[in-house]
Structures are given as C-alpha cells and as structure tokens.
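**Student:** File name structure31.cif; file contents mmCIF, C-alpha atoms and all ligand atoms; full text below.
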data_input
#
loop_
_atom_site.label_atom_id
_atom_site.label_comp_id
_atom_site.auth_asym_id
_atom_site.auth_seq_id
_atom_site.Cartn_x
_atom_site.Cartn_y
_atom_site.Cartn_z
CA MET A 909 30.08 -15.02 -48.86
CA ALA A 910 27.76 -15.81 -51.77
CA GLY A 911 30.07 -14.67 -54.55
CA LEU A 912 33.21 -16.25 -53.18
CA VAL A 913 33.97 -18.51 -56.13
CA ALA A 914 33.47 -15.74 -58.66
CA ALA A 915 35.40 -13.44 -56.40
CA LEU A 916 38.38 -15.78 -56.21
CA GLY A 917 38.42 -15.78 -59.99
CA ALA A 918 38.56 -12.00 -59.98
CA CYS A 919 41.29 -12.15 -57.36
CA SER A 920 43.58 -14.46 -59.28
CA ALA A 921 43.11 -12.44 -62.45
CA MET A 922 43.90 -9.21 -60.60
CA VAL A 923 43.66 -7.28 -63.81
CA HIS A 924 40.66 -5.02 -63.70
CA ALA A 925 41.31 -1.35 -63.88
CA ALA A 926 39.48 0.37 -61.04
CA ASP A 927 35.83 1.08 -61.85
CA GLU A 928 35.83 -1.28 -64.83
CA ASN A 929 34.19 -4.69 -64.58
CA ARG A 930 34.15 -4.36 -60.83
CA SER A 931 32.16 -7.12 -59.20
CA LEU A 932 31.04 -7.63 -55.65
CA GLY A 933 33.51 -9.48 -53.44
CA SER A 934 36.50 -8.70 -55.64
CA ILE A 935 40.03 -7.36 -55.68
CA ALA A 936 41.42 -5.48 -58.67
CA LYS A 937 44.98 -4.27 -59.12
CA GLU A 938 46.38 -1.59 -61.40
CA SER A 939 49.73 0.05 -61.79
CA TRP A 940 49.80 3.51 -60.13
CA GLY A 941 53.18 4.94 -61.10
CA LYS A 942 56.64 5.06 -59.56
CA THR A 943 58.35 6.68 -56.58
CA SER A 944 61.25 9.10 -57.13
CA ASP A 945 63.56 6.08 -56.57
CA GLY A 946 61.87 4.28 -59.47
CA GLU A 947 59.96 1.78 -57.34
CA SER A 948 56.70 0.60 -58.88
CA VAL A 949 53.54 1.38 -56.97
CA ASP A 950 50.17 -0.35 -57.35
CA LEU A 951 46.61 0.62 -56.54
CA TYR A 952 44.17 -2.04 -55.35
CA THR A 953 40.40 -1.75 -55.37
CA LEU A 954 38.59 -3.99 -52.89
CA THR A 955 34.82 -4.35 -53.20
CA ASN A 956 32.75 -6.21 -50.66
CA GLU A 957 29.45 -8.06 -51.15
CA ARG A 958 27.49 -4.92 -50.28
CA GLY A 959 29.18 -2.72 -52.87
CA GLU A 960 31.27 -0.82 -50.35
CA ASP A 961 34.74 -0.37 -51.74
CA THR A 962 38.14 0.89 -50.80
CA ARG A 963 41.21 1.82 -52.78
CA VAL A 964 44.52 1.07 -51.19
CA THR A 965 48.05 1.56 -52.47
CA ASN A 966 51.21 -0.24 -51.42
CA TYR A 967 52.95 3.16 -51.09
CA GLY A 968 52.62 3.82 -47.35
CA ALA A 969 49.82 1.19 -47.26
CA ILE A 970 47.62 4.25 -47.84
CA VAL A 971 43.84 4.06 -47.95
CA VAL A 972 43.15 6.36 -50.89
CA ALA A 973 39.35 6.01 -50.88
CA LEU A 974 36.71 4.26 -48.79
CA THR A 975 33.02 4.38 -49.54
CA ALA A 976 30.13 3.97 -47.11
CA PRO A 977 26.35 4.25 -47.62
CA ASP A 978 24.22 6.94 -45.98
CA ARG A 979 20.76 6.32 -44.49
CA ASP A 980 19.28 6.23 -48.04
CA GLY A 981 21.89 3.79 -49.29
CA LYS A 982 23.82 6.47 -51.17
CA PHE A 983 27.58 5.85 -51.17
CA ALA A 984 30.15 8.58 -50.53
CA ASP A 985 33.92 8.48 -50.24
CA VAL A 986 34.50 9.21 -46.54
CA VAL A 987 38.29 9.64 -46.42
CA LEU A 988 40.45 12.58 -47.46
CA GLY A 989 43.17 11.88 -49.99
CA TYR A 990 44.56 12.51 -53.44
CA ASP A 991 43.75 11.24 -56.92
CA HIS A 992 47.38 10.72 -57.93
CA LEU A 993 50.48 9.10 -56.47
CA ASP A 994 52.54 12.22 -57.25
CA ASP A 995 50.47 14.26 -54.79
CA TYR A 996 51.19 11.76 -52.02
CA LEU A 997 54.90 11.84 -52.94
CA LYS A 998 54.97 15.65 -52.83
CA SER A 999 53.23 16.36 -49.55
CA SER A 1000 50.67 14.62 -47.44
CA PRO A 1001 49.76 15.09 -43.77
CA TYR A 1002 49.71 11.26 -43.48
CA PHE A 1003 46.38 10.99 -45.36
CA GLY A 1004 45.20 7.37 -44.97
CA ALA A 1005 48.66 6.03 -44.21
CA VAL A 1006 50.14 3.57 -41.77
CA VAL A 1007 52.36 5.44 -39.34
CA GLY A 1008 55.35 3.92 -37.59
CA ARG A 1009 57.72 2.62 -36.36
CA TYR A 1010 56.43 4.87 -33.56
CA GLY A 1011 53.18 6.67 -34.33
CA ASN A 1012 52.73 9.99 -32.50
CA ARG A 1013 55.49 11.96 -30.75
CA ILE A 1014 58.71 11.15 -28.90
CA ALA A 1015 60.14 14.08 -26.91
CA ALA A 1016 63.26 15.55 -28.53
CA GLY A 1017 63.36 12.36 -30.62
CA ARG A 1018 65.32 10.69 -27.85
CA PHE A 1019 64.89 7.68 -25.59
CA THR A 1020 67.07 5.34 -23.55
CA LEU A 1021 66.62 1.60 -23.79
CA ASP A 1022 68.66 -1.00 -21.89
CA GLY A 1023 71.20 1.69 -20.99
CA LYS A 1024 71.72 2.99 -24.53
CA THR A 1025 70.41 6.35 -25.74
CA TYR A 1026 68.98 6.57 -29.24
CA GLN A 1027 68.53 9.80 -31.19
CA LEU A 1028 65.77 9.79 -33.81
CA ALA A 1029 65.00 12.47 -36.37
CA THR A 1030 63.24 15.56 -35.02
CA ASN A 1031 60.85 16.18 -37.90
CA ASN A 1032 58.19 18.23 -36.10
CA ALA A 1033 58.15 21.23 -33.77
CA PRO A 1034 54.73 22.18 -32.41
CA GLY A 1035 54.95 25.28 -30.21
CA GLY A 1036 58.54 25.63 -31.47
CA VAL A 1037 59.66 22.51 -29.57
CA PRO A 1038 61.39 19.87 -31.77
CA CYS A 1039 60.20 16.28 -31.46
CA HIS A 1040 60.02 13.04 -33.42
CA LEU A 1041 56.64 12.50 -35.12
CA HIS A 1042 55.13 9.43 -36.82
CA GLY A 1043 58.36 7.54 -37.46
CA GLY A 1044 60.57 10.36 -38.72
CA ASN A 1045 61.55 11.76 -42.11
CA LYS A 1046 60.83 8.56 -44.02
CA GLY A 1047 58.47 6.58 -41.86
CA PHE A 1048 56.25 3.64 -42.75
CA ASP A 1049 53.95 6.06 -44.62
CA LYS A 1050 56.65 6.85 -47.22
CA VAL A 1051 57.91 3.39 -48.18
CA VAL A 1052 56.69 0.80 -50.66
CA TRP A 1053 55.30 -2.33 -48.99
CA ASP A 1054 55.10 -5.83 -50.45
CA ALA A 1055 51.40 -6.39 -51.07
CA LYS A 1056 49.22 -9.30 -52.04
CA GLY A 1057 45.46 -9.59 -52.48
CA GLU A 1058 43.74 -12.02 -50.14
CA MET A 1059 40.24 -13.36 -49.73
CA LYS A 1060 38.45 -15.20 -46.99
CA ASP A 1061 34.86 -15.97 -46.24
CA GLY A 1062 33.12 -12.63 -45.68
CA ALA A 1063 36.04 -10.36 -46.54
CA VAL A 1064 38.42 -9.14 -49.23
CA GLY A 1065 41.82 -7.87 -48.25
CA ILE A 1066 45.46 -7.05 -48.78
CA ARG A 1067 48.42 -8.47 -46.90
CA PHE A 1068 51.27 -5.99 -46.52
CA HIS A 1069 54.73 -7.01 -45.42
CA ARG A 1070 58.03 -5.27 -44.85
CA VAL A 1071 61.21 -5.55 -42.82
CA SER A 1072 62.16 -2.19 -41.39
CA PRO A 1073 65.95 -2.50 -41.23
CA ASP A 1074 68.05 -2.04 -38.11
CA GLY A 1075 68.88 1.67 -37.81
CA GLU A 1076 66.06 2.86 -40.07
CA GLU A 1077 65.20 6.39 -38.93
CA GLY A 1078 67.43 5.68 -35.92
CA TYR A 1079 65.44 2.77 -34.46
CA PRO A 1080 67.23 -0.35 -33.19
CA GLY A 1081 66.58 -3.82 -34.61
CA ASN A 1082 65.17 -5.34 -37.78
CA LEU A 1083 61.42 -5.12 -37.39
CA ASP A 1084 59.48 -7.68 -39.43
CA ILE A 1085 55.95 -6.37 -39.81
CA THR A 1086 52.85 -7.77 -41.45
CA MET A 1087 49.52 -5.97 -41.78
CA HIS A 1088 46.27 -7.33 -43.10
CA TYR A 1089 43.66 -4.85 -44.32
CA TRP A 1090 40.20 -6.43 -44.60
CA LEU A 1091 37.03 -4.99 -46.05
CA THR A 1092 34.33 -7.22 -44.61
CA ASP A 1093 30.78 -7.83 -45.76
CA GLN A 1094 29.67 -6.13 -42.51
CA ASN A 1095 31.06 -2.86 -43.92
CA GLU A 1096 34.08 -2.96 -41.65
CA PHE A 1097 37.57 -1.84 -42.49
CA ARG A 1098 39.69 -4.06 -40.28
CA ILE A 1099 43.44 -3.78 -39.76
CA GLU A 1100 45.51 -6.52 -38.10
CA TYR A 1101 49.14 -5.73 -37.30
CA ALA A 1102 51.82 -8.22 -36.22
CA ALA A 1103 55.54 -7.62 -35.76
CA THR A 1104 58.68 -9.26 -34.41
CA THR A 1105 62.18 -7.91 -33.86
CA ASP A 1106 65.73 -9.13 -33.40
CA ARG A 1107 66.63 -6.31 -30.94
CA ALA A 1108 64.58 -4.47 -28.35
CA THR A 1109 62.80 -1.52 -29.96
CA PRO A 1110 59.81 0.73 -29.37
CA VAL A 1111 56.84 -0.11 -31.61
CA ASN A 1112 53.61 1.85 -31.89
CA VAL A 1113 52.03 1.45 -35.31
CA THR A 1114 48.73 3.07 -36.18
CA HIS A 1115 46.45 4.12 -39.01
CA HIS A 1116 45.93 7.72 -40.10
CA SER A 1117 42.78 8.01 -42.23
CA TYR A 1118 41.09 11.39 -42.10
CA TYR A 1119 37.36 10.64 -41.98
CA ASN A 1120 34.51 12.90 -42.93
CA LEU A 1121 31.24 10.97 -42.76
CA GLY A 1122 29.48 13.54 -44.94
CA GLY A 1123 31.96 12.75 -47.71
CA HIS A 1124 35.59 13.83 -48.09
CA ASP A 1125 34.54 17.07 -49.83
CA SER A 1126 31.59 18.00 -47.61
CA GLY A 1127 33.25 20.58 -45.35
CA THR A 1128 33.64 20.81 -41.60
CA ILE A 1129 33.23 17.88 -39.20
CA LEU A 1130 32.30 20.14 -36.30
CA ASP A 1131 28.69 18.95 -36.54
CA HIS A 1132 29.67 15.27 -36.18
CA GLU A 1133 28.84 13.65 -32.84
CA LEU A 1134 31.59 11.78 -31.09
CA MET A 1135 31.76 9.27 -28.26
CA ILE A 1136 35.10 8.12 -26.87
CA ALA A 1137 35.12 5.52 -24.09
CA ALA A 1138 37.79 7.34 -22.15
CA ASP A 1139 37.66 8.77 -18.64
CA HIS A 1140 41.11 10.41 -18.89
CA ILE A 1141 43.45 12.09 -21.32
CA THR A 1142 47.21 12.39 -21.05
CA PRO A 1143 47.57 16.21 -21.05
CA VAL A 1144 50.41 17.72 -23.07
CA ASP A 1145 52.84 20.60 -22.82
CA LYS A 1146 53.11 23.23 -25.55
CA GLY A 1147 55.25 20.81 -27.61
CA LEU A 1148 52.34 18.31 -27.52
CA ILE A 1149 54.35 15.91 -25.35
CA PRO A 1150 52.53 14.25 -22.42
CA THR A 1151 53.37 15.84 -19.09
CA GLY A 1152 52.99 12.44 -17.42
CA ALA A 1153 49.74 13.37 -15.70
CA PHE A 1154 46.33 11.78 -16.25
CA THR A 1155 43.50 14.32 -16.34
CA PRO A 1156 39.91 13.18 -15.76
CA VAL A 1157 37.70 14.30 -18.64
CA ALA A 1158 34.67 14.88 -16.41
CA GLY A 1159 33.65 18.53 -16.44
CA THR A 1160 36.07 19.41 -19.27
CA PRO A 1161 35.68 19.85 -23.08
CA PHE A 1162 37.34 16.41 -23.33
CA ASP A 1163 34.36 14.53 -21.92
CA PHE A 1164 33.06 12.47 -24.84
CA THR A 1165 31.90 9.58 -22.67
CA SER A 1166 28.42 10.20 -24.10
CA PRO A 1167 27.88 11.33 -27.73
CA THR A 1168 28.69 15.05 -28.04
CA VAL A 1169 28.84 17.41 -31.01
CA ILE A 1170 32.54 18.01 -31.70
CA GLY A 1171 32.10 21.73 -32.37
CA SER A 1172 30.17 22.42 -29.19
CA ARG A 1173 33.29 22.91 -27.03
CA VAL A 1174 36.22 22.93 -29.44
CA ASN A 1175 36.72 26.68 -28.96
CA ALA A 1176 36.37 26.63 -25.18
CA ASP A 1177 38.87 28.57 -23.13
CA ASP A 1178 41.13 25.66 -22.18
CA THR A 1179 44.93 25.44 -22.13
CA GLN A 1180 44.93 21.93 -23.63
CA LEU A 1181 42.77 23.07 -26.56
CA GLU A 1182 45.04 26.06 -26.96
CA TYR A 1183 48.17 23.85 -27.20
CA GLY A 1184 46.52 21.44 -29.66
CA LEU A 1185 44.83 24.26 -31.63
CA GLY A 1186 41.75 22.19 -30.88
CA TYR A 1187 41.48 18.46 -30.21
CA ASP A 1188 44.79 16.69 -30.76
CA HIS A 1189 45.03 14.50 -27.69
CA ASN A 1190 45.58 10.99 -26.43
CA PHE A 1191 42.45 9.54 -24.81
CA VAL A 1192 43.12 6.73 -22.35
CA LEU A 1193 40.55 4.02 -22.95
CA SER A 1194 38.79 2.98 -19.77
CA ARG A 1195 39.28 -0.51 -18.40
CA TRP A 1196 41.75 -1.59 -21.08
CA ASP A 1197 42.31 -5.35 -21.14
CA GLY A 1198 43.87 -5.88 -24.56
CA LYS A 1199 40.69 -7.40 -26.02
CA LEU A 1200 38.96 -5.98 -29.09
CA ARG A 1201 36.18 -3.65 -27.96
CA LEU A 1202 34.33 -0.48 -28.81
CA ALA A 1203 36.47 2.60 -28.20
CA ALA A 1204 34.70 5.37 -30.14
CA THR A 1205 31.66 6.16 -32.26
CA VAL A 1206 31.29 9.01 -34.75
CA TYR A 1207 27.91 9.98 -36.19
CA ASP A 1208 27.03 12.49 -38.90
CA PRO A 1209 23.42 13.64 -38.36
CA GLN A 1210 23.18 14.99 -41.93
CA SER A 1211 23.91 11.77 -43.81
CA GLY A 1212 23.12 9.35 -41.00
CA ARG A 1213 26.49 7.64 -41.48
CA GLN A 1214 28.03 6.21 -38.36
CA MET A 1215 31.51 4.85 -37.74
CA GLU A 1216 32.39 2.71 -34.74
CA VAL A 1217 36.03 2.23 -33.83
CA LEU A 1218 37.09 -0.95 -32.07
CA THR A 1219 40.60 -1.67 -30.88
CA THR A 1220 42.83 -3.88 -28.77
CA GLU A 1221 45.04 -0.85 -27.98
CA PRO A 1222 45.04 1.16 -24.74
CA ALA A 1223 44.39 4.59 -26.25
CA ILE A 1224 43.14 6.69 -29.14
CA GLN A 1225 44.61 9.91 -30.48
CA PHE A 1226 41.71 12.14 -31.49
CA TYR A 1227 42.87 14.78 -33.96
CA CYS A 1228 40.37 16.93 -35.81
CA GLY A 1229 42.38 18.41 -38.66
CA ASN A 1230 43.54 21.56 -36.86
CA PHE A 1231 46.58 21.76 -39.12
CA LEU A 1232 44.57 21.50 -42.35
CA ASP A 1233 44.47 24.92 -44.00
CA GLY A 1234 43.26 24.41 -47.56
CA SER A 1235 46.75 23.97 -48.98
CA ASN A 1236 46.24 20.22 -49.60
CA VAL A 1237 44.20 20.06 -52.80
CA GLY A 1238 42.80 16.57 -52.88
CA LYS A 1239 40.47 14.29 -54.79
CA GLY A 1240 38.40 16.03 -57.44
CA GLY A 1241 40.36 19.26 -56.87
CA HIS A 1242 38.85 19.78 -53.43
CA ALA A 1243 40.96 21.89 -51.04
CA TYR A 1244 40.82 20.41 -47.53
CA ALA A 1245 40.17 23.23 -45.09
CA TYR A 1246 40.55 23.62 -41.33
CA ARG A 1247 38.77 20.94 -39.28
CA THR A 1248 37.24 19.07 -42.19
CA ALA A 1249 38.22 15.62 -40.93
CA ILE A 1250 38.50 13.50 -37.85
CA VAL A 1251 41.44 11.16 -37.28
CA LEU A 1252 41.06 8.43 -34.66
CA GLU A 1253 44.38 6.66 -34.22
CA THR A 1254 44.28 3.53 -32.07
CA GLN A 1255 47.61 3.30 -30.31
CA HIS A 1256 49.75 3.38 -27.19
CA TYR A 1257 50.33 6.71 -25.46
CA PRO A 1258 52.65 9.27 -27.05
CA ASP A 1259 56.24 9.36 -25.78
CA SER A 1260 55.82 6.06 -23.89
CA PRO A 1261 59.54 5.17 -24.19
CA ASN A 1262 60.21 8.14 -21.85
CA HIS A 1263 57.43 7.29 -19.38
CA PRO A 1264 58.11 4.03 -17.50
CA ASP A 1265 54.66 4.24 -15.87
CA PHE A 1266 52.83 4.21 -19.24
CA PRO A 1267 51.97 0.79 -20.75
CA SER A 1268 55.19 -0.42 -22.38
CA THR A 1269 55.78 -0.07 -26.12
CA ILE A 1270 59.05 -2.01 -26.06
CA LEU A 1271 59.10 -5.14 -28.20
CA ARG A 1272 61.85 -7.65 -27.47
CA PRO A 1273 63.20 -10.61 -29.45
CA GLY A 1274 60.94 -13.63 -28.96
CA GLU A 1275 57.85 -11.46 -28.37
CA GLU A 1276 55.16 -10.56 -30.88
CA TYR A 1277 53.52 -7.16 -31.31
CA ARG A 1278 49.82 -7.48 -32.14
CA HIS A 1279 47.23 -4.80 -32.68
CA THR A 1280 43.76 -4.97 -34.22
CA CYS A 1281 41.65 -1.98 -35.19
CA VAL A 1282 38.22 -1.96 -36.82
CA TYR A 1283 36.39 0.98 -38.40
CA ARG A 1284 32.79 -0.22 -38.76
CA PHE A 1285 30.31 1.69 -40.94
CA SER A 1286 26.53 1.78 -40.70
CA ALA A 1287 23.75 4.36 -41.10
CA ARG A 1288 20.64 5.36 -39.17
C1 LIG B 1 48.88 14.39 -34.81
C2 LIG B 1 48.94 15.86 -35.14
C3 LIG B 1 49.76 16.03 -36.39
C4 LIG B 1 49.14 15.26 -37.50
C5 LIG B 1 50.01 15.36 -38.73
C6 LIG B 1 48.29 13.68 -35.98
O1 LIG B 1 48.30 12.31 -35.74
O2 LIG B 1 48.14 14.14 -33.66
O3 LIG B 1 49.50 16.58 -34.07
O4 LIG B 1 49.87 17.37 -36.73
O5 LIG B 1 49.06 13.91 -37.14
O6 LIG B 1 49.25 15.22 -39.84
#
Show me this structure written as structure tokens.
**Tutor:**
Amino acid sequence: MAGLVAALGACSAMVHAADENRSLGSIAKESWGKTSDGESVDLYTLTNERGEDTRVTNYGAIVVALTAPDRDGKFADVVLGYDHLDDYLKSSPYFGAVVGRYGNRIAAGRFTLDGKTYQLATNNAPGGVPCHLHGGNKGFDKVVWDAKGEMKDGAVGIRFHRVSPDGEEGYPGNLDITMHYWLTDQNEFRIEYAATTDRATPVNVTHHSYYNLGGHDSGTILDHELMIAADHITPVDKGLIPTGAFTPVAGTPFDFTSPTVIGSRVNADDTQLEYGLGYDHNFVLSRWDGKLRLAATVYDPQSGRQMEVLTTEPAIQFYCGNFLDGSNVGKGGHAYAYRTAIVLETQHYPDSPNHPDFPSTILRPGEEYRHTCVYRFSAR
C-alpha cells in the first residue's frame, strides 16, 4: 500500500471529522452521540487507496455507508441506512448491522442442548407464528462494541470485540467474540469473525447490509441480476421456519445458478414466495467445504456495479426487502420502499439447533467459531 506510512499517521491521530482532510488509506474517528443508557458511540470513516470509503459505527458494528464506483468511476453509497444514531436507536430493520448470537430464526425461540431446554425471546411472528429472530430483543445489533482502528498492508479496518454474557437474551455461556472489518485496496469489504465460549451454545453470526448497487436511494433492485451458487434451498413453513426438507432449485423461481434478473420470477405463483412475501430464503451452497469461495454475484446493469460475495459458511439467506414499506426514512431523507435492497447473509441454516441433520451451529468450550465473508465490488 503506497500511502501506508502517511496512513498510519492518520490512524494514530484518529481525529479527522468525516469528509474533512480525508486521505487515501486512512481511518478517521468522530463522536456520534450516546445510547439511551448514556454509552458513547463513535463513527469511523475508512478510506482505501482507491478512494472507496465506508462509515462504520461501534453501535451494532453497523455499516452506515459504503461507496463503490460505477463503470464510469462515479462513486455511490450502495447501502441503506440512516444519517443519525438516533434513527438507528429508534427503529432499524437491522440496516448494516451484525446479527447474533444466532442470526435468522429459531422456532418458538426454543432449543434443547445437552439435555437442557432453553427459551429465548420470541421477537418476531411471520404468518402469526412466534419465533426468535436475529438474537432477540437486544441482539448484537443493539449493543456498543469495543472498537479500534487497524491497518495492514493493503487494507484499513476496525477490530470489534465484546463478551456476550452468560444468559444474555437467554443464551448459555459467555461468548467472547472478535470481528475484523477490512476495507481492502481491491474494493472488498471483508469481515472476519472469531468466537470462543465457556459453555456449549449455538452461534450463527452474520452481517445484514441492505445493498442497492444503483445507490441506496435509487429505487427497486428488481432489475439487478443475481447468481447464487446453490442447488437447493431449505423450504420454510408459513412461520419462515425450515421444514427440514431440501428442495432442488432446478425448474423453480429459486434457480439462480446462472445470473438471473431478480424481478423476473419474484411474483411467480409459488407457495415459498407466498410465505416469504418474495425471496426470503436460505440457499444451501453447493459443495461446501469450509473454504472461502464465491457464493453469489449481484450485478446492476444500469450502473455496471457488481458485487461478489465470498464466504466460508454453508449457506446464504437471500432477502430482498419484502418488509420495507417506506416507513424507514433514511439517509438524505429518502424513504426506503418495498424491494429496494438485497440482503445476502452468509450463515448456517435457520433453526439449526432444532435440526440435528443440519450442519451444527453448536460451539463448545475449547473450540473456536470462525467465519469469513467478503463483499467485493467492481464495475463493468
Ligand atoms: C430476514 C427477514 C426479516 C429481516 C428483518 C432478514 O434477515 O430474512 O425475514 O424480516 O431480516 O429485517
């Protein structure tokens, strides 16, 4: 990284207000307000050597903004979000946040582990059926994380750390979790998760940015083309809980094995689409081996922006903003309407603690949870 020395200077100073004196390969930190409990929250601006930047806060480790160039080199902010901390505190459908301890749903908020039954919060009820969603009432998206700017050759980043205490939201064990967010000079947003526990617990942590490659305020994503390297989905019941079956995507509106316009089949007459109000499903990545590899590609033909998603995880939840209805008024006063974003959450399958035949999400003392996810931006 050419500007590394200068960049390290900027890093140690950590004083620039966002947008002021911003240099390539730098990290700037500013104070962003307080939570209702009086905890101080900061906003970090990371800028890579190519001028791509991201704004990240230590409240919920939320990605507030992320810019990427189009085919003419013009940058746009490609994630939905808010301008102010207060809006995130009031109500956010997990815009840009880390979700955990268990991302996605657990049926009735209940699971049995080593003979003991645990009851978690039931904070969601699709189809009128209560379940646990994204870690409960105060999940990882609603807490303040310890954060520290970091630099390495070719990337600027933030290290987040937190111990989720035993019993938090009903989960067993103290979970010690570290996440590194990197913005690389290859225009990648890379997340590395690592966690350990002192008691057996389910862990399924993921990232919840809502992407719109035309820009966060550019309207529907139904014209985006999507590829997901998945031959099966785990179909759901009306409560969006996996039935336990594996349905081949071939011949269904869920076949994204080659690039397909999202809107071309989203309104097809299909029970799964009816339950999800559109796409809101777990895609089982083919030939999973735990190594980092390409899982999905999204392309916006208008701007030419492309996003590749790489992961070490066995699955991706593809959600296309079916629950957005214009009531979230975001950055620049823009109201985010129905299906104006795509969320690609790299993860284990929903409700795995209740499905012994799904890949295990149970972390035990002495083991380490690891998960890497990369969102890589380019244009053509
Ligand atoms: C889920 C949706 C849910 C949304 C909440 C997504 O990850 O798949 O079902 O409504 O999060 O914002």
**Student:** Scan for residues within 12 Å of the point (42.1, -1.3, -19.8) in the coordinates of the file, using all atoms listed in the file, and reply as a PyMOL selection string.
**Tutor:** chain A and resi 1137-1140+1191-1203+1219-1223+1256+1267
**Student:** Would you save the residues from that selection as an mmCIF file, keeping the file's coordinate frame, using C-alpha atoms?
**Tutor:**
data_model
loop_
_atom_site.group_PDB
_atom_site.id
_atom_site.type_symbol
_atom_site.label_atom_id
_atom_site.label_comp_id
_atom_site.auth_asym_id
_atom_site.auth_seq_id
_atom_site.Cartn_x
_atom_site.Cartn_y
_atom_site.Cartn_z
ATOM 1 C CA ALA A 1137 35.120 5.520 -24.090
ATOM 2 C CA ALA A 1138 37.790 7.340 -22.150
ATOM 3 C CA ASP A 1139 37.660 8.770 -18.640
ATOM 4 C CA HIS A 1140 41.110 10.410 -18.890
ATOM 5 C CA PHE A 1191 42.450 9.540 -24.810
ATOM 6 C CA VAL A 1192 43.120 6.730 -22.350
ATOM 7 C CA LEU A 1193 40.550 4.020 -22.950
ATOM 8 C CA SER A 1194 38.790 2.980 -19.770
ATOM 9 C CA ARG A 1195 39.280 -0.510 -18.400
ATOM 10 C CA TRP A 1196 41.750 -1.590 -21.080
ATOM 11 C CA ASP A 1197 42.310 -5.350 -21.140
ATOM 12 C CA GLY A 1198 43.870 -5.880 -24.560
ATOM 13 C CA LYS A 1199 40.690 -7.400 -26.020
ATOM 14 C CA LEU A 1200 38.960 -5.980 -29.090
ATOM 15 C CA ARG A 1201 36.180 -3.650 -27.960
ATOM 16 C CA LEU A 1202 34.330 -0.480 -28.810
ATOM 17 C CA ALA A 1203 36.470 2.600 -28.200
ATOM 18 C CA THR A 1219 40.600 -1.670 -30.880
ATOM 19 C CA THR A 1220 42.830 -3.880 -28.770
ATOM 20 C CA GLU A 1221 45.040 -0.850 -27.980
ATOM 21 C CA PRO A 1222 45.040 1.160 -24.740
ATOM 22 C CA ALA A 1223 44.390 4.590 -26.250
ATOM 23 C CA HIS A 1256 49.750 3.380 -27.190
ATOM 24 C CA PRO A 1267 51.970 0.790 -20.750
#
**Student:** With all atoms listed in the file counted, which protein, DNA or RNA residues have an atom no more than 10 Å from (65.0, 10.0, -38.5) in the file frame? Please answer as a VMD selection string.
**Tutor:** chain A and resid 1017 1027 to 1031 1040 to 1041 1043 to 1047 1075 to 1079
**Student:** So what do you get for atom CA of A:Pro1073 versus atom CA of A:Arg1009, distance-wise?
**Tutor:**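 So the two atoms, atom CA of A:Pro1073 and atom CA of A:Arg1009, lie 10.8 Å apart.
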**Student:** How far is it from atom CA of A:Gly1122 to atom CA of A:Glu1096, in Å with one decimal?
**Tutor:**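 Between atom CA of A:Gly1122 and atom CA of A:Glu1096 the gap works out to 17.4 Å.
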**Student:** Step by step, measure atom-to-atom distances between ligand LIG 1 (chain B) and each residue using only C-alpha atoms and all ligand atoms, keep those at most 7 Å, then write them as a CSV table (one decimal) with C-alpha atoms, keeping the file's coordinate frame.
**Tutor:**
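Contents of the output file part-v4.csv:
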chain,number,residue,atom,x,y,z
A,1001,PRO,CA,49.8,15.1,-43.8
A,1002,TYR,CA,49.7,11.3,-43.5
A,1012,ASN,CA,52.7,10.0,-32.5
A,1116,HIS,CA,45.9,7.7,-40.1
A,1188,ASP,CA,44.8,16.7,-30.8
A,1189,HIS,CA,45.0,14.5,-27.7
A,1225,GLN,CA,44.6,9.9,-30.5
A,1227,TYR,CA,42.9,14.8,-34.0
A,1231,PHE,CA,46.6,21.8,-39.1
**Student:** Under the rule that all atoms listed in the file are counted, which of A:Asn1175, A:Asn1262, A:Thr1248, A:Thr1205 is the nearest residue to A:Tyr1119?
**Tutor:**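 Among the listed residues, the smallest separation from A:Tyr1119 belongs to A:Thr1248.
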**Student:** Assuming 6 Å of padding per side, give the centre and edge lengths of the axis-aligned box around every listed atom of stretch 1070-1088 of chain A, in Å to one decimal and as AutoDock Vina command-line options.
**Tutor:**
--center_x 57.6 --center_y -0.7 --center_z -39.0 --size_x 34.6 --size_y 26.2 --size_z 23.7
**Student:** Name the closest residue to A:Thr953 among the candidates A:Gly968, A:Gly1065, A:Gly1212, A:Gly1081; distances are taken between atoms, counting only C-alpha atoms.
**Tutor:**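 Between A:Gly968, A:Gly1065, A:Gly1212, A:Gly1081, the residue approaching A:Thr953 most closely is A:Gly1065.
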**Student:** Using all atoms listed in the file, can you tell me which of A:Thr1104, A:Glu960, A:Thr1142, A:Thr1269 comes closest to A:Phe1154?
**Tutor:** A:Thr1142
**Student:** Residues near A:Ser1211, anyone? I mean within 8 Å using only C-alpha atoms, not counting same-chain ones fewer than 4 positions away, as a PyMOL selection string.
**Tutor:** chain A and resi 978-979+1121-1122+1287
**Student:** Looking at all atoms listed in the file, which of A:Leu1148, A:Ala1033, A:Met1215, A:Ala1158 is the one that sits closest to A:Pro1258?
**Tutor:**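 The closest residue to A:Pro1258 is A:Leu1148.
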**Student:** Choose the residue, out of A:Cys1039, A:Val1157, A:Leu993, A:Met1059, that has the smallest atom-to-atom separation from A:Lys1239; count only C-alpha atoms.
**Tutor:**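 Ranking A:Cys1039, A:Val1157, A:Leu993, A:Met1059 by distance to A:Lys1239, first place goes to A:Leu993.
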**Student:** Smallest atom-to-atom distance to A:Ala1245: which of A:Ile1149, A:Val1006, A:Cys1228, A:Ala1204, using only C-alpha atoms?
**Tutor:**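 Of A:Ile1149, A:Val1006, A:Cys1228, A:Ala1204, the one nearest A:Ala1245 is A:Cys1228, counting only C-alpha atoms.
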**Student:** Calculate how many Å separate atom CA of A:Pro1110 from atom CA of A:Asp1259, rounding to one decimal.
**Tutor:** 10.0 Å
